[in-house]
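input-v4.cif (mmCIF, C-alpha atoms)
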```cif
data_entry
#
loop_
_atom_site.label_atom_id
_atom_site.label_comp_id
_atom_site.auth_asym_id
_atom_site.auth_seq_id
_atom_site.Cartn_x
_atom_site.Cartn_y
_atom_site.Cartn_z
CA MET Z 776 14.17 -30.45 17.29
CA THR Z 777 12.91 -29.50 13.82
CA ARG Z 778 10.95 -26.29 13.34
CA ALA Z 779 9.11 -24.99 10.30
CA MET Z 780 8.77 -21.30 9.60
CA THR Z 781 8.08 -18.93 6.73
CA CYS Z 782 10.87 -16.57 5.76
CA ILE Z 783 9.75 -12.93 5.83
CA GLY Z 784 12.86 -11.66 4.03
CA CYS Z 785 11.01 -10.99 0.79
CA PRO Z 786 7.56 -11.49 -0.74
CA ARG Z 787 8.43 -14.99 -1.97
CA GLY Z 788 7.93 -16.34 1.57
CA CYS Z 789 10.05 -19.52 1.47
CA ARG Z 790 9.01 -22.37 3.76
CA LEU Z 791 12.02 -23.10 5.96
CA GLU Z 792 12.86 -26.27 7.87
CA ILE Z 793 15.22 -25.63 10.73
CA GLU Z 794 16.93 -28.20 12.85
CA ALA Z 795 17.90 -26.59 16.13
CA ASP Z 796 19.01 -27.48 19.60
CA GLY Z 797 17.40 -24.78 21.73
CA THR Z 798 18.70 -21.54 20.26
CA ARG Z 799 21.59 -23.26 18.45
CA VAL Z 800 20.84 -23.83 14.75
CA ILE Z 801 22.15 -27.09 13.30
CA SER Z 802 20.80 -26.86 9.76
CA VAL Z 803 18.45 -24.81 7.58
CA ALA Z 804 16.65 -26.09 4.48
CA GLY Z 805 14.07 -24.76 2.05
CA HIS Z 806 15.52 -21.29 1.50
CA GLN Z 807 16.02 -20.05 -2.06
CA CYS Z 808 18.53 -17.31 -1.24
CA PRO Z 809 21.06 -16.47 1.51
CA ARG Z 810 18.56 -14.17 3.24
CA GLY Z 811 16.51 -17.24 4.18
CA GLU Z 812 19.32 -18.92 6.07
CA LYS Z 813 20.24 -15.67 7.81
CA TYR Z 814 16.63 -15.09 8.77
CA ALA Z 815 16.22 -18.63 10.13
CA ARG Z 816 19.35 -18.37 12.31
CA GLN Z 817 18.36 -14.95 13.61
CA GLU Z 818 14.78 -16.03 14.25
CA ILE Z 819 15.90 -19.01 16.35
CA GLU Z 820 18.61 -17.12 18.24
CA ALA Z 821 16.85 -13.77 18.79
CA PRO Z 822 14.00 -12.59 16.55
CA MET Z 823 14.54 -9.09 15.17
CA ARG Z 824 12.13 -6.76 13.35
CA THR Z 825 12.46 -3.40 11.66
CA LEU Z 826 9.94 -1.03 13.21
CA THR Z 827 8.18 1.42 10.95
CA THR Z 828 5.70 3.94 12.27
CA SER Z 829 4.82 7.64 12.00
CA VAL Z 830 5.69 10.47 14.37
CA LEU Z 831 3.81 13.70 14.91
CA THR Z 832 5.10 16.88 13.33
CA ARG Z 833 4.56 20.53 14.10
CA GLY Z 834 4.68 23.27 11.45
CA LEU Z 835 5.55 20.86 8.61
CA GLU Z 836 3.62 20.15 5.41
CA LEU Z 837 2.22 16.80 6.64
CA LYS Z 838 0.84 15.99 10.07
CA MET Z 839 2.93 12.83 10.41
CA LEU Z 840 6.43 11.86 9.35
CA PRO Z 841 6.97 8.18 8.48
CA VAL Z 842 10.04 6.79 10.26
CA ARG Z 843 11.89 3.48 10.58
CA THR Z 844 14.56 2.02 12.75
CA SER Z 845 17.89 2.07 10.90
CA LYS Z 846 18.34 -1.64 11.66
CA PRO Z 847 16.08 -4.38 13.01
CA ILE Z 848 15.50 -4.31 16.77
CA PRO Z 849 14.69 -7.20 19.13
CA LYS Z 850 11.10 -8.25 18.58
CA GLU Z 851 10.28 -8.02 22.28
CA LYS Z 852 11.30 -4.34 22.26
CA LEU Z 853 8.71 -3.30 19.66
CA PHE Z 854 6.06 -2.04 22.06
CA GLU Z 855 8.54 -0.24 24.30
CA THR Z 856 9.96 1.44 21.21
CA MET Z 857 6.49 2.45 20.03
CA ALA Z 858 5.79 4.07 23.39
CA ALA Z 859 9.00 6.10 23.12
CA VAL Z 860 8.28 7.10 19.51
CA LYS Z 861 4.96 8.58 20.61
CA ARG Z 862 6.83 11.14 22.72
CA ILE Z 863 8.67 12.55 19.70
CA VAL Z 864 7.48 15.62 17.78
CA VAL Z 865 9.41 16.70 14.69
CA SER Z 866 9.30 20.43 14.01
CA SER Z 867 12.30 21.01 11.71
CA PRO Z 868 12.31 20.19 7.98
CA VAL Z 869 13.88 16.81 7.20
CA LYS Z 870 15.35 15.04 4.20
CA ALA Z 871 14.71 11.34 3.48
CA GLY Z 872 17.18 9.34 5.57
CA ALA Z 873 17.66 12.11 8.15
CA VAL Z 874 18.18 10.86 11.71
CA VAL Z 875 15.25 11.84 13.91
CA ALA Z 876 16.62 10.26 17.10
CA THR Z 877 20.06 8.73 17.62
CA ASP Z 878 20.82 5.49 19.47
CA PHE Z 879 17.15 5.06 20.21
CA LEU Z 880 16.46 3.55 23.68
CA GLY Z 881 20.11 2.52 23.78
CA LEU Z 882 19.36 -0.19 21.20
CA GLY Z 883 22.19 0.97 18.96
CA VAL Z 884 19.80 1.95 16.18
CA ASP Z 885 18.69 5.36 14.92
CA LEU Z 886 15.20 6.45 14.06
CA VAL Z 887 15.32 7.78 10.49
CA ALA Z 888 12.89 9.77 8.33
CA CYS Z 889 11.43 7.89 5.35
CA ARG Z 890 10.57 10.98 3.32
CA PRO Z 891 11.44 14.64 3.06
CA LEU Z 892 9.16 17.17 4.75
CA GLU Z 893 9.31 20.93 4.35
CA LYS Z 894 7.89 23.71 6.48
CA VAL Z 895 4.28 24.60 5.69
CA MET J 125 -6.55 25.06 -26.17
CA ARG J 126 -2.99 24.29 -25.18
CA GLU J 127 -1.38 21.23 -26.72
CA ARG J 128 0.85 18.93 -24.71
CA GLU J 129 2.85 16.02 -26.02
CA LEU J 130 2.18 13.48 -23.25
CA VAL J 131 -0.20 13.88 -20.32
CA ILE J 132 -0.03 11.40 -17.44
CA VAL J 133 -2.88 11.26 -14.97
CA GLY J 134 -1.72 10.17 -11.51
CA GLY J 135 1.59 10.82 -9.72
CA GLY J 136 1.92 7.54 -7.87
CA PRO J 137 4.51 4.86 -8.65
CA ALA J 138 2.92 4.06 -12.02
CA GLY J 139 2.67 7.65 -13.24
CA MET J 140 6.17 8.57 -12.08
CA ALA J 141 7.77 5.50 -13.71
CA ALA J 142 5.87 6.13 -16.94
CA ALA J 143 6.89 9.81 -16.99
CA LEU J 144 10.58 9.04 -16.48
CA ALA J 145 10.56 6.23 -19.05
CA ALA J 146 8.77 8.40 -21.62
CA ARG J 147 11.39 11.11 -21.16
CA ALA J 148 14.17 8.56 -21.50
CA ALA J 149 12.55 7.37 -24.74
CA GLY J 150 12.61 10.86 -26.21
CA VAL J 151 9.30 12.51 -25.26
CA GLU J 152 10.18 16.15 -24.73
CA ASP J 153 7.09 17.50 -22.99
CA VAL J 154 5.45 15.52 -20.19
CA LEU J 155 2.69 16.92 -17.99
CA LEU J 156 2.14 14.87 -14.83
CA LEU J 157 -1.16 15.61 -13.10
CA GLU J 158 -1.59 14.63 -9.44
CA ARG J 159 -4.67 15.39 -7.38
CA ASP J 160 -2.89 15.25 -4.00
CA GLN J 161 -0.44 17.87 -2.75
CA HIS J 162 2.48 15.42 -3.05
CA LEU J 163 3.74 12.88 -5.53
CA GLY J 164 3.81 9.25 -4.38
CA GLY J 165 0.17 8.18 -4.40
CA ILE J 166 -0.76 5.31 -2.13
CA LEU J 167 2.92 4.68 -1.24
CA ASN J 168 2.77 7.71 1.04
CA GLN J 169 0.53 5.86 3.46
CA CYS J 170 2.23 2.45 3.06
CA ILE J 171 4.85 3.14 5.73
CA HIS J 172 5.73 -0.54 6.22
CA PRO J 173 8.84 -2.10 4.67
CA GLY J 174 8.79 -4.61 1.82
CA PHE J 175 9.06 -2.41 -1.25
CA GLY J 176 11.85 -2.31 -3.82
CA LEU J 177 13.50 -5.70 -3.26
CA HIS J 178 13.36 -6.36 -7.01
CA HIS J 179 13.70 -2.88 -8.48
CA PHE J 180 16.26 -1.41 -6.08
CA LYS J 181 17.61 -4.69 -4.62
CA THR J 182 17.04 -3.33 -1.14
CA GLU J 183 14.07 -3.26 1.20
CA LEU J 184 12.38 0.13 1.43
CA THR J 185 9.24 1.54 3.00
CA GLY J 186 6.55 2.95 0.72
CA PRO J 187 7.52 6.61 1.27
CA GLU J 188 11.19 5.77 0.61
CA TYR J 189 10.30 3.98 -2.63
CA ALA J 190 8.15 6.95 -3.70
CA ASP J 191 10.83 9.47 -2.77
CA ARG J 192 13.43 7.82 -5.00
CA PHE J 193 11.15 8.40 -7.99
CA ALA J 194 9.82 11.78 -6.88
CA SER J 195 13.39 13.11 -6.61
CA GLN J 196 14.14 11.98 -10.16
CA VAL J 197 10.90 13.46 -11.47
CA LYS J 198 11.67 16.82 -9.85
CA GLU J 199 15.17 16.84 -11.38
CA GLU J 200 13.81 16.13 -14.84
CA GLN J 201 13.33 19.41 -16.75
CA GLY J 202 11.05 17.85 -19.35
CA ILE J 203 8.44 16.80 -16.77
CA GLU J 204 6.05 19.43 -15.50
CA VAL J 205 4.35 18.28 -12.30
CA SER J 206 1.00 19.87 -11.55
CA LEU J 207 -0.17 19.05 -8.02
CA ARG J 208 -3.68 19.47 -6.63
CA SER J 209 -4.84 18.88 -10.18
CA PHE J 210 -7.88 16.69 -10.66
CA VAL J 211 -8.87 15.47 -14.11
CA VAL J 212 -12.64 15.55 -14.58
CA LYS J 213 -12.96 14.79 -18.27
CA LEU J 214 -11.24 12.83 -21.03
CA THR J 215 -12.51 12.53 -24.60
CA ASN J 216 -11.63 9.89 -27.19
CA ASP J 217 -9.58 12.47 -29.12
CA ARG J 218 -7.48 13.04 -25.98
CA ARG J 219 -8.80 16.37 -24.77
CA LEU J 220 -8.52 16.64 -21.00
CA THR J 221 -10.23 18.96 -18.56
CA TYR J 222 -8.72 19.32 -15.11
CA LEU J 223 -9.25 21.42 -12.05
CA ARG J 224 -6.42 23.00 -10.13
CA PRO J 225 -6.66 25.61 -7.37
CA GLY J 226 -8.32 28.65 -8.90
CA ALA J 227 -8.58 27.35 -12.47
CA VAL J 228 -10.19 24.94 -14.91
CA GLU J 229 -7.72 23.89 -17.58
CA GLU J 230 -8.43 22.33 -20.95
CA ILE J 231 -5.64 20.72 -22.92
CA LYS J 232 -5.14 18.52 -25.95
CA ALA J 233 -2.68 15.67 -25.51
CA GLY J 234 -0.68 13.83 -28.16
CA ALA J 235 -0.88 10.78 -25.92
CA VAL J 236 -2.37 10.05 -22.52
CA ILE J 237 -1.30 7.59 -19.85
CA LEU J 238 -3.84 6.89 -17.14
CA ALA J 239 -2.12 5.90 -13.90
CA THR J 240 -5.11 6.41 -11.67
CA GLY J 241 -4.71 3.40 -9.39
CA CYS J 242 -7.53 1.70 -7.51
CA ARG J 243 -10.32 2.30 -5.09
CA GLU J 244 -11.19 -0.03 -2.23
CA ARG J 245 -14.16 -2.34 -2.28
CA THR J 246 -16.53 -1.43 0.53
CA ARG J 247 -18.75 -3.06 3.11
CA GLU J 248 -21.74 -2.56 0.78
CA MET J 249 -20.09 -4.58 -1.97
CA ILE J 250 -19.80 -7.70 0.18
CA GLN J 251 -23.19 -7.16 1.81
CA ILE J 252 -22.54 -7.56 5.51
CA PRO J 253 -25.97 -7.34 7.18
CA GLY J 254 -26.67 -5.40 10.36
CA SER J 255 -26.96 -1.82 11.49
CA ARG J 256 -24.97 1.04 10.03
CA PRO J 257 -23.04 2.44 12.98
CA ALA J 258 -19.87 4.51 12.91
CA GLY J 259 -16.67 2.49 13.11
CA VAL J 260 -16.75 0.57 9.82
CA TYR J 261 -13.86 1.64 7.61
CA PRO J 262 -12.19 0.44 4.44
CA ALA J 263 -8.78 -0.75 5.66
CA GLY J 264 -6.86 1.58 3.36
CA LEU J 265 -8.76 4.57 4.69
CA ALA J 266 -7.90 3.50 8.24
CA GLN J 267 -4.29 3.18 7.08
CA LYS J 268 -4.30 6.79 5.93
CA MET J 269 -5.90 7.93 9.19
CA VAL J 270 -3.35 6.13 11.38
CA ASN J 271 -0.22 6.69 9.31
CA MET J 272 -0.78 10.16 7.91
CA GLU J 273 -3.34 11.92 10.07
CA GLY J 274 -2.42 10.49 13.47
CA TRP J 275 -5.94 9.33 14.32
CA ILE J 276 -6.54 5.90 15.82
CA PRO J 277 -9.93 4.70 14.55
CA GLY J 278 -10.91 2.64 17.61
CA ARG J 279 -9.82 0.52 20.58
CA GLU J 280 -10.89 -2.97 19.60
CA ALA J 281 -10.95 -4.01 15.97
CA VAL J 282 -12.07 -6.90 13.80
CA ILE J 283 -10.68 -7.09 10.28
CA VAL J 284 -12.67 -8.53 7.38
CA GLY J 285 -10.54 -10.05 4.65
CA SER J 286 -6.96 -11.30 4.79
CA GLY J 287 -5.55 -9.48 1.80
CA ASP J 288 -2.27 -7.65 2.31
CA ILE J 289 -3.88 -4.37 3.35
CA GLY J 290 -5.94 -6.14 6.03
CA LEU J 291 -2.90 -8.00 7.36
CA ILE J 292 -0.69 -4.92 7.37
CA MET J 293 -3.39 -2.94 9.18
CA ALA J 294 -3.82 -5.70 11.77
CA ARG J 295 -0.16 -5.26 12.72
CA ARG J 296 -0.31 -1.49 12.50
CA MET J 297 -3.33 -1.28 14.79
CA ALA J 298 -1.76 -3.76 17.23
CA LEU J 299 1.41 -1.66 17.37
CA GLU J 300 -0.71 1.39 18.11
CA GLY J 301 -2.22 -0.36 21.10
CA VAL J 302 -5.51 -1.39 19.49
CA LYS J 303 -6.76 -4.84 20.52
CA VAL J 304 -7.17 -6.71 17.24
CA ARG J 305 -9.75 -9.45 17.91
CA GLY J 306 -9.19 -11.32 14.70
CA VAL J 307 -9.05 -11.39 10.93
CA ILE J 308 -12.07 -13.00 9.27
CA GLU J 309 -11.48 -14.65 5.88
CA ILE J 310 -14.26 -16.39 3.96
CA GLN J 311 -11.82 -18.34 1.77
CA LYS J 312 -9.67 -21.30 2.85
CA THR J 313 -6.42 -19.40 2.38
CA SER J 314 -5.17 -15.83 2.63
CA ARG J 315 -5.07 -13.72 -0.50
CA GLY J 316 -2.14 -11.88 1.06
CA LEU J 317 1.53 -12.79 1.02
CA VAL J 318 2.54 -15.57 3.40
CA ARG J 319 5.19 -13.31 4.92
CA ASN J 320 2.44 -10.92 5.93
CA VAL J 321 0.43 -13.64 7.65
CA VAL J 322 3.60 -14.48 9.61
CA GLN J 323 4.94 -11.04 10.45
CA CYS J 324 1.60 -9.25 10.86
CA LEU J 325 -0.57 -11.83 12.61
CA GLU J 326 1.60 -14.57 14.16
CA ASP J 327 4.06 -12.02 15.58
CA TYR J 328 1.20 -10.31 17.43
CA GLY J 329 -0.90 -13.34 18.33
CA ILE J 330 -3.83 -12.19 16.18
CA PRO J 331 -6.22 -15.03 15.30
CA LEU J 332 -6.98 -15.68 11.62
CA TYR J 333 -10.35 -17.33 10.99
CA PHE J 334 -10.41 -19.06 7.60
CA GLN J 335 -13.78 -20.06 6.11
CA HIS J 336 -15.60 -17.64 8.38
CA ARG J 337 -17.68 -14.58 7.63
CA ILE J 338 -19.23 -11.75 9.61
CA SER J 339 -22.95 -12.45 9.57
CA ARG J 340 -24.01 -9.25 11.32
CA ILE J 341 -22.64 -5.95 12.58
CA HIS J 342 -24.28 -4.72 15.81
CA GLY J 343 -24.35 -1.23 17.27
CA ALA J 344 -26.58 1.83 17.40
CA ASP J 345 -24.23 4.82 17.04
CA ARG J 346 -20.93 2.96 17.20
CA VAL J 347 -20.03 -0.65 16.39
CA GLU J 348 -20.51 -2.78 19.54
CA LYS J 349 -19.90 -6.32 18.30
CA VAL J 350 -19.99 -8.58 15.26
CA ASP J 351 -21.46 -12.05 14.75
CA VAL J 352 -19.06 -14.48 13.09
CA VAL J 353 -20.05 -17.82 11.57
CA ARG J 354 -18.15 -20.64 9.91
CA VAL J 355 -19.03 -21.37 6.28
CA ASP J 356 -18.78 -24.53 4.19
CA ASP J 357 -17.10 -24.94 0.81
CA GLU J 358 -20.15 -23.37 -0.88
CA PHE J 359 -19.90 -20.35 1.47
CA LYS J 360 -23.11 -21.41 3.26
CA ASP J 361 -23.29 -20.80 7.02
CA ILE J 362 -22.72 -23.90 9.13
CA PRO J 363 -25.45 -23.94 11.83
CA GLY J 364 -24.23 -23.93 15.41
CA THR J 365 -20.81 -22.45 14.61
CA GLY J 366 -21.64 -18.82 15.34
CA PHE J 367 -19.82 -16.69 17.91
CA GLU J 368 -19.53 -13.02 18.81
CA LEU J 369 -16.52 -10.73 18.85
CA ALA J 370 -16.82 -7.53 20.85
CA CYS J 371 -15.28 -4.58 19.00
CA ASP J 372 -15.83 -0.91 18.27
CA THR J 373 -14.19 -0.95 14.85
CA VAL J 374 -14.47 -3.09 11.72
CA LEU J 375 -11.87 -2.71 8.98
CA VAL J 376 -12.94 -4.00 5.59
CA SER J 377 -10.14 -5.27 3.37
CA VAL J 378 -11.88 -7.08 0.55
CA GLY J 379 -10.04 -6.10 -2.56
CA LEU J 380 -9.43 -3.25 -4.93
CA ILE J 381 -11.21 -1.97 -8.03
CA PRO J 382 -9.22 -0.25 -10.78
CA GLU J 383 -10.25 3.38 -11.11
CA ASN J 384 -11.13 3.81 -14.77
CA GLU J 385 -13.88 6.43 -14.93
CA LEU J 386 -11.88 8.66 -17.26
CA LEU J 387 -11.21 5.80 -19.61
CA GLU J 388 -14.90 4.94 -19.62
CA MET J 389 -15.71 8.58 -20.32
CA ALA J 390 -13.44 8.43 -23.34
CA GLY J 391 -15.50 5.53 -24.65
CA ALA J 392 -13.00 2.74 -24.01
CA GLU J 393 -14.14 -0.82 -23.57
CA ILE J 394 -14.03 -1.86 -19.90
CA ASP J 395 -14.33 -5.36 -18.45
CA ARG J 396 -17.28 -5.10 -16.07
CA ALA J 397 -16.07 -7.85 -13.76
CA SER J 398 -12.58 -6.49 -13.11
CA ASN J 399 -13.08 -2.83 -14.16
CA THR J 400 -9.92 -3.08 -16.25
CA PRO J 401 -9.47 -1.93 -19.85
CA VAL J 402 -10.23 -4.52 -22.53
CA ALA J 403 -7.27 -4.51 -24.90
CA ALA J 404 -4.76 -6.70 -26.69
CA GLY J 405 -2.05 -6.36 -24.06
CA VAL J 406 -0.80 -4.86 -20.84
CA ASN J 407 -0.96 -1.01 -20.67
CA LEU J 408 -3.16 -0.78 -23.79
CA THR J 409 -6.75 0.45 -24.08
CA SER J 410 -9.23 0.41 -26.96
CA VAL J 411 -8.75 4.17 -27.48
CA PRO J 412 -5.77 5.02 -29.74
CA GLY J 413 -3.09 7.00 -27.94
CA VAL J 414 -4.57 6.36 -24.50
CA PHE J 415 -2.66 3.96 -22.28
CA ALA J 416 -3.34 2.68 -18.77
CA CYS J 417 -0.69 1.45 -16.37
CA GLY J 418 -0.20 0.34 -12.79
CA ASN J 419 -3.19 -0.66 -10.71
CA ALA J 420 -5.57 1.07 -13.14
CA CYS J 421 -4.56 -1.53 -15.73
CA LYS J 422 -4.61 -4.53 -13.40
CA VAL J 423 -4.26 -5.01 -9.66
CA TYR J 424 -0.64 -5.73 -8.74
CA ASP J 425 0.61 -7.21 -5.48
CA LEU J 426 4.11 -5.66 -5.72
CA VAL J 427 4.98 -2.09 -6.58
CA ASP J 428 8.20 -3.31 -8.20
CA TRP J 429 6.12 -4.86 -11.00
CA VAL J 430 4.06 -1.67 -11.27
CA THR J 431 7.30 0.20 -11.92
CA ARG J 432 8.50 -2.35 -14.47
CA ASP J 433 5.26 -2.39 -16.47
CA SER J 434 4.69 1.37 -16.18
CA GLU J 435 8.14 2.05 -17.62
CA LEU J 436 6.98 -0.03 -20.55
CA ALA J 437 3.85 2.15 -20.79
CA GLY J 438 6.06 5.24 -20.98
CA LYS J 439 8.01 3.65 -23.84
CA MET J 440 4.80 2.60 -25.60
CA ALA J 441 3.47 6.17 -25.41
CA ALA J 442 6.78 7.44 -26.79
CA GLY J 443 6.46 4.96 -29.64
CA TYR J 444 2.94 6.16 -30.35
CA LEU J 445 4.26 9.73 -30.47
CA GLY J 446 6.75 8.65 -33.14
CA LYS J 447 9.85 8.56 -30.92
CA LYS J 448 12.38 5.88 -31.65
#
```
What is this structure when it is put down as structure tokens?
Amino acid sequence: MTRAMTCIGCPRGCRLEIEADGTRVISVAGHQCPRGEKYARQEIEAPMRTLTTSVLTRGLELKMLPVRTSKPIPKEKLFETMAAVKRIVVSSPVKAGAVVATDFLGLGVDLVACRPLEKV
Amino acid sequence: MRERELVIVGGGPAGMAAALAARAAGVEDVLLLERDQHLGGILNQCIHPGFGLHHFKTELTGPEYADRFASQVKEEQGIEVSLRSFVVKLTNDRRLTYLRPGAVEEIKAGAVILATGCRERTREMIQIPGSRPAGVYPAGLAQKMVNMEGWIPGREAVIVGSGDIGLIMARRMALEGVKVRGVIEIQKTSRGLVRNVVQCLEDYGIPLYFQHRISRIHGADRVEKVDVVRVDDEFKDIPGTGFELACDTVLVSVGLIPENELLEMAGAEIDRASNTPVAAGVNLTSVPGVFACGNACKVYDLVDWVTRDSELAGKMAAGYLGKK
């Protein structure tokens, strides 16, 4: 079975042609860099996405702290992860890259701060 | 009146890159004026990934990209950052007036770089008929509300325009539990990046209606629904193709307008259609010693190119100031 998809690895958005047998990739064409082939294989086997969102803060200089998962997570876990993120409130100052929650939902990824925030 | 060597208006990606590049090119005294309480500009609300693949060779979120520059700017002794500072006047001999908490300052600059970014086009500018209820927002404003203030603007949304901000907000609203009824695009193709159509709409099953427009917004106090109609190649409504989408929120993502009021005040020539400076090349204006960079100069789709060109603006200003 041949499938067409657009690589989301970078803004170039290469059009990929993937020959696959179920979730087993036979060949990938159309990519202009190694990220494309990696993306195509991952997308066929188990689609992954990096989640970025904001969490509430208390007593810090901005009301929300932007955060991201340290690595991509399974696409079907996005909404479950969002629900869990909504329960977090950050009240201590953070540096960019600081871990806000470790091994989030047992997915093996951390939730990390995308910017520094000081106390008010 | 105090004299400063180089004054940069705007502490977003363009202003920060220009400031650092000007310092590197030998400018000793840089004053960076930012109206917000933080450096970073619009990147602070662009919490999605996709930034820095060219400049840093790694994928960053907007705040991460901004932080890399803000940290360098803060380390740099020759750059004075003045936050909550809003420039209200610029003359053609480079005198600036700005407000900061508790004071009005007047300074004379050897050179000026305007890195003032863009504003969003609004509902009024595309003339969507109908009532004027609450619930119609420029998409970038909604982005700030959701990402920085923690307010969700509504429960069911329709997005007008498939530029990158509209697409990114479709995903963002969907992730926040808002039912996104669809993205309405009058053109045949999206003005946004293909990757955003894929990862923001297809991932979330959000319909994208090409060659459609909103013909009316309904609602007394709050948006209740919109009428959508298909248009032909001349953008004329095709009779019998109309349908309704129930929603309480309409996000308008129909392009950006460079913010060049200060430049206009200084008497520079401005292209009325694009609101960009008329000049011989990128970063230049028709006023000697006044440069414009980033989205104020032209609308960019990638911040990496804003950084690249704004670094050039910093060097050009240094050259104007007689630095080698």
Name the residues that the PyMOL selection byres ((chain J and resi 414-423) around 7) pulls out of this structure, and write them as a tab-separated table (two decimals) with C-alpha atoms, in the frame of the given file.
```tsv
chain	number	residue	atom	x	y	z
J	138	ALA	CA	2.92	4.06	-12.02
J	235	ALA	CA	-0.88	10.78	-25.92
J	236	VAL	CA	-2.37	10.05	-22.52
J	237	ILE	CA	-1.30	7.59	-19.85
J	238	LEU	CA	-3.84	6.89	-17.14
J	239	ALA	CA	-2.12	5.90	-13.90
J	240	THR	CA	-5.11	6.41	-11.67
J	241	GLY	CA	-4.71	3.40	-9.39
J	242	CYS	CA	-7.53	1.70	-7.51
J	382	PRO	CA	-9.22	-0.25	-10.78
J	383	GLU	CA	-10.25	3.38	-11.11
J	384	ASN	CA	-11.13	3.81	-14.77
J	400	THR	CA	-9.92	-3.08	-16.25
J	401	PRO	CA	-9.47	-1.93	-19.85
J	407	ASN	CA	-0.96	-1.01	-20.67
J	408	LEU	CA	-3.16	-0.78	-23.79
J	409	THR	CA	-6.75	0.45	-24.08
J	411	VAL	CA	-8.75	4.17	-27.48
J	412	PRO	CA	-5.77	5.02	-29.74
J	413	GLY	CA	-3.09	7.00	-27.94
J	424	TYR	CA	-0.64	-5.73	-8.74
J	425	ASP	CA	0.61	-7.21	-5.48
J	430	VAL	CA	4.06	-1.67	-11.27
J	434	SER	CA	4.69	1.37	-16.18
J	437	ALA	CA	3.85	2.15	-20.79
```
Where does the PyMOL selection byres ((chain Z and resi 869-879) around 10) land in this file, that is, which residues does it pick, as a VMD selection string?
(chain Z and resid 830 835 840 to 845 856 859 to 860 863 to 868 880 to 894) or (chain J and resid 187 to 188 191 to 192)
Selection result of the PyMOL selection byres ((chain Z) within 8 of (chain J)) on this file, as JSON, numbers by chain:
{"Z": [781, 782, 783, 784, 785, 786, 787, 788, 825, 827, 828, 829, 831, 837, 838, 839, 840, 841, 842, 853, 854, 857, 871, 889, 890, 891]}
Which residues, written as a PyMOL selection string, have at least one atom at most 9 Å from Ala815 (chain Z), with only C-alpha atoms counted and residues fewer than 2 positions away on the same chain left out?
chain Z and resi 780-782+791-793+800+803+810-813+817-820
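The nearest approach to Leu375 (chain J) among the residues J:Arg256, J:Lys448, J:Arg247, J:Lys439, with all atoms listed in the file taken into account, belongs to J:Arg247.
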Taken to one decimal, the CA of Leu214 (chain J)-CA of Gly391 (chain J) distance is 9.2 Å
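Taking all atoms listed in the file into account, those protein, DNA and RNA residues with any atom at most 7 Å away from (-11.2, 18.5, -20.1) amount to Val212, Lys213, Leu214, Arg219, Leu220, Thr221, Tyr222, Glu229, Glu230 and Ile231 of chain J.
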Contacts of region 794-799 of chain Z at 9 Å (all atoms listed in the file; same-chain gap of 6+ positions) as number ranges by chain
Z: 776-779, 816, 819-821
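Taking CA of Gly285 (chain J) and CA of Met297 (chain J) as the two end points, the separation is 15.2 Å.
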Exercise: residues within 8 Å of coordinate (-10.6, 0.2, 3.0), counting all atoms listed in the file, as number ranges by chain:
J: 244-246, 261-266, 375-378
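CA of Ile341 (chain J) lies 6.5 Å from CA of Pro253 (chain J).
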With distances taken over all atoms listed in the file, the candidate from J:Lys447, J:Glu393, J:Val402, J:Glu309 nearest Phe359 (chain J) is J:Glu309
Got a sec: who's within 10 Å of Lys303 (chain J), counting all atoms listed in the file, leaving out chain neighbours fewer than 5 positions off, as a list in words?
Gly278, Arg279, Glu280, Ala281, Val282, Ala294, Met297, Ala298, Ile330 and Cys371 of chain J
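Among the candidates Z:Arg862, Z:Arg790, Z:Val895, Z:Arg824, the one nearest to Lys846 (chain Z) when counting all atoms listed in the file is Z:Arg824.
If only C-alpha atoms are the atoms counted, then among Z:Pro847, Z:Lys861, Z:Cys789, Z:Pro809 the closest residue to Pro822 (chain Z) is Z:Pro847.
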Could you add the missing atoms to region 379-385 of chain J, up to N, CA and C atoms, and return them as a compact mmCIF listing (two decimals), keeping the file's coordinate frame?
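The resulting file, selection-v5.txt, is reproduced below:
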```
# COMPACT_ATOMS: atom_id res chain seq x y z
N GLY J 379 -10.47 -6.23 -1.18
CA GLY J 379 -10.04 -6.10 -2.56
C GLY J 379 -10.11 -4.69 -3.10
N LEU J 380 -9.56 -4.55 -4.29
CA LEU J 380 -9.43 -3.25 -4.93
C LEU J 380 -10.11 -3.27 -6.30
N ILE J 381 -10.59 -2.11 -6.71
CA ILE J 381 -11.21 -1.97 -8.03
C ILE J 381 -10.44 -0.92 -8.81
N PRO J 382 -9.89 -1.27 -9.96
CA PRO J 382 -9.22 -0.25 -10.78
C PRO J 382 -10.14 0.94 -11.03
N GLU J 383 -9.52 2.10 -10.99
CA GLU J 383 -10.25 3.38 -11.11
C GLU J 383 -10.16 3.79 -12.58
N ASN J 384 -11.22 3.54 -13.33
CA ASN J 384 -11.13 3.81 -14.77
C ASN J 384 -12.28 4.65 -15.30
N GLU J 385 -12.76 5.58 -14.49
CA GLU J 385 -13.88 6.43 -14.93
C GLU J 385 -13.52 7.29 -16.13
```
